[in-house]
Amino acid sequence: MVLGFAAAAIAMLIALIPAGIVLCRGDLAATVVAFEFITAVIVMVLALLAQAFQRPSLFELPVLLAVLMFGSGLVFVRAMERWL
Amino acid sequence: MAREVFSDMLLGLAVVIVAGASLGVLLMRDAYQKLHFVTPAALVAPVLVTLAVLVQMGMTENTGETCLALFFLVIAGPYLSHATIRAFRVREKGDWRPGSNGEASAEEKELDL
C-alpha cells in the first residue's frame, strides 16, 4: 500500500465535510453546487485509493465517474431549471 | 526517495486546495459565489493528483487512466459550471439572457451587459 496516497484520500474525504454540510442544509442552488463539488472530489479519491492499493483495475472507476459526473450534473441542472 | 517526497508534496497541495475550496463552498453567501470554489477542486487538484501518480509510477497504464479521468474532468467542469449558472438565472429571472425580461439589474447596467 502506498501510504501517501491513502492518507491523501482520507484527508480529502475529511475535507468534504464542509461541502457535505451545505449539501444537507443549503437551499436548492447551493445543494447543486455542493453536489458538483463532492462528485469532482470523489473522482480524485477513487483514483487515489486505486493507486494506494495498487489495483490497476480500480482505475476504471474514476474514469467512469468523471464521465457520469458530466451527464448527471447536466440532468440535475436541467431538471432544476425546468421543474424544481 | 525523491520521487516519493515530490509526490507527497503534490498530494499535500491537492488536499490543501480541496480543503480550502470546501470551506469556500460552506462560507460563501450565495450559489453564484459558491460555484467559484468548485473550479479549484475540479480542475487544479486533479492535475496535481495526476502529476503525483505520474511522478510515483512513471508512464504506466495507471497514469494513463488517471490522465483520462483528468481529461473528462477538465472537459466537463466548464460546461457544467456554465449550465449551472444558466439554470440559476433561468430560475431567478425566467431567461438566462441579460435584460431579456425587460429589466436589467444595477450591476448589469454598470457592466453594460
# chains A, B, ... in the order shown; residues from 1 in each chain; ligands from 1

call {"tool": "interface_residues", "arguments": {"of": "chain B", "to": "chain A", "cutoff": "6 Å", "atoms": "only C-alpha atoms", "output": "ChimeraX atom specification"}}
result
/B:8,15,19,22-23,26,31,35,38,42,62,69,72-73,76,84,87,91

call {"tool": "write_last_selection", "arguments": {"atoms": "N, CA and C atoms", "output": "tab-separated table (two decimals), in the first residue's frame"}}
result
chain	number	residue	atom	x	y	z
B	8	ASP	N	4.44	13.22	-2.56
B	8	ASP	CA	3.69	13.59	-1.34
B	8	ASP	C	3.43	15.10	-1.27
B	15	VAL	N	-4.62	18.31	-1.43
B	15	VAL	CA	-5.51	18.23	-0.27
B	15	VAL	C	-5.81	19.63	0.28
B	19	ALA	N	-9.46	21.25	0.59
B	19	ALA	CA	-9.97	21.70	1.90
B	19	ALA	C	-10.37	23.17	1.83
B	22	SER	N	-13.52	23.56	-0.20
B	22	SER	CA	-14.68	23.05	0.54
B	22	SER	C	-15.15	24.09	1.57
B	23	LEU	N	-14.19	24.72	2.22
B	23	LEU	CA	-14.56	25.79	3.16
B	23	LEU	C	-15.21	26.96	2.41
B	26	LEU	N	-18.72	26.26	1.78
B	26	LEU	CA	-19.53	26.41	3.01
B	26	LEU	C	-19.75	27.87	3.37
B	31	ALA	N	-25.19	30.89	-4.18
B	31	ALA	CA	-24.72	29.80	-5.04
B	31	ALA	C	-23.75	30.29	-6.10
B	35	LEU	N	-20.11	28.61	-6.42
B	35	LEU	CA	-19.72	27.91	-7.64
B	35	LEU	C	-18.26	28.20	-8.03
B	38	VAL	N	-15.82	25.53	-6.89
B	38	VAL	CA	-15.83	24.18	-7.48
B	38	VAL	C	-14.63	24.02	-8.42
B	42	ALA	N	-12.16	20.92	-9.05
B	42	ALA	CA	-12.47	20.11	-10.23
B	42	ALA	C	-11.40	20.20	-11.31
B	62	ASN	N	-1.73	2.86	-15.27
B	62	ASN	CA	-2.43	3.60	-14.21
B	62	ASN	C	-2.40	5.10	-14.48
B	69	ALA	N	-9.26	10.24	-16.73
B	69	ALA	CA	-10.24	10.81	-15.78
B	69	ALA	C	-10.05	12.32	-15.70
B	72	PHE	N	-11.60	14.03	-18.73
B	72	PHE	CA	-13.05	14.18	-18.65
B	72	PHE	C	-13.44	15.27	-17.65
B	73	LEU	N	-12.70	15.35	-16.54
B	73	LEU	CA	-12.99	16.40	-15.56
B	73	LEU	C	-12.77	17.78	-16.15
B	76	ALA	N	-15.51	18.49	-18.66
B	76	ALA	CA	-16.86	18.62	-18.09
B	76	ALA	C	-17.00	19.85	-17.19
B	84	THR	N	-24.89	25.31	-14.90
B	84	THR	CA	-25.42	25.57	-13.56
B	84	THR	C	-25.79	27.04	-13.39
B	87	ALA	N	-28.87	27.77	-15.29
B	87	ALA	CA	-30.07	27.27	-14.61
B	87	ALA	C	-30.46	28.20	-13.46
B	91	ARG	N	-34.02	30.22	-13.26
B	91	ARG	CA	-34.90	30.11	-12.09
B	91	ARG	C	-35.23	31.47	-11.51

call {"tool": "select_by_dssp", "arguments": {"residues": "chain B", "states": "alpha helix (DSSP H)", "output": "ChimeraX atom specification"}}
result
/B:2-27,31-35,38-39,45-57,61-93,106-111

call {"tool": "atom_distance", "arguments": {"atom1": "atom CA of B:Ser7", "atom2": "atom CA of B:Val47"}}
result
12.4 Å

call {"tool": "residues_around", "arguments": {"residues": "B:Gly64", "least_positions_apart": "5", "cutoff": "10 Å", "atoms": "only C-alpha atoms", "output": "list of chain:residue names"}}
result
A:Phe59, B:Thr50, B:Val53, B:Leu54, B:Gly58, B:Met59, B:Ala69, B:Leu70

call {"tool": "write_last_selection", "arguments": {"atoms": "C-alpha atoms", "output": "compact mmCIF listing (two decimals), in the first residue's frame"}}
result
# COMPACT_ATOMS: atom_id res chain seq x y z
CA PHE A 59 -8.58 2.96 -12.04
CA THR B 50 -2.35 13.13 -11.86
CA VAL B 53 0.64 9.45 -9.89
CA LEU B 54 2.94 10.25 -12.83
CA GLY B 58 6.09 6.89 -14.41
CA MET B 59 4.31 6.34 -17.71
CA ALA B 69 -10.24 10.81 -15.78
CA LEU B 70 -8.49 14.20 -15.62

call {"tool": "closest_residue", "arguments": {"among": "B:Pro46, B:Glu61, B:Tyr32, B:Phe37", "to": "B:Arg89", "atoms": "only C-alpha atoms"}}
result
B:Tyr32

call {"tool": "closest_residue", "arguments": {"among": "B:Met57, B:Val44, B:Ala52, B:Val90", "to": "B:Gly77", "atoms": "only C-alpha atoms"}}
result
B:Val44
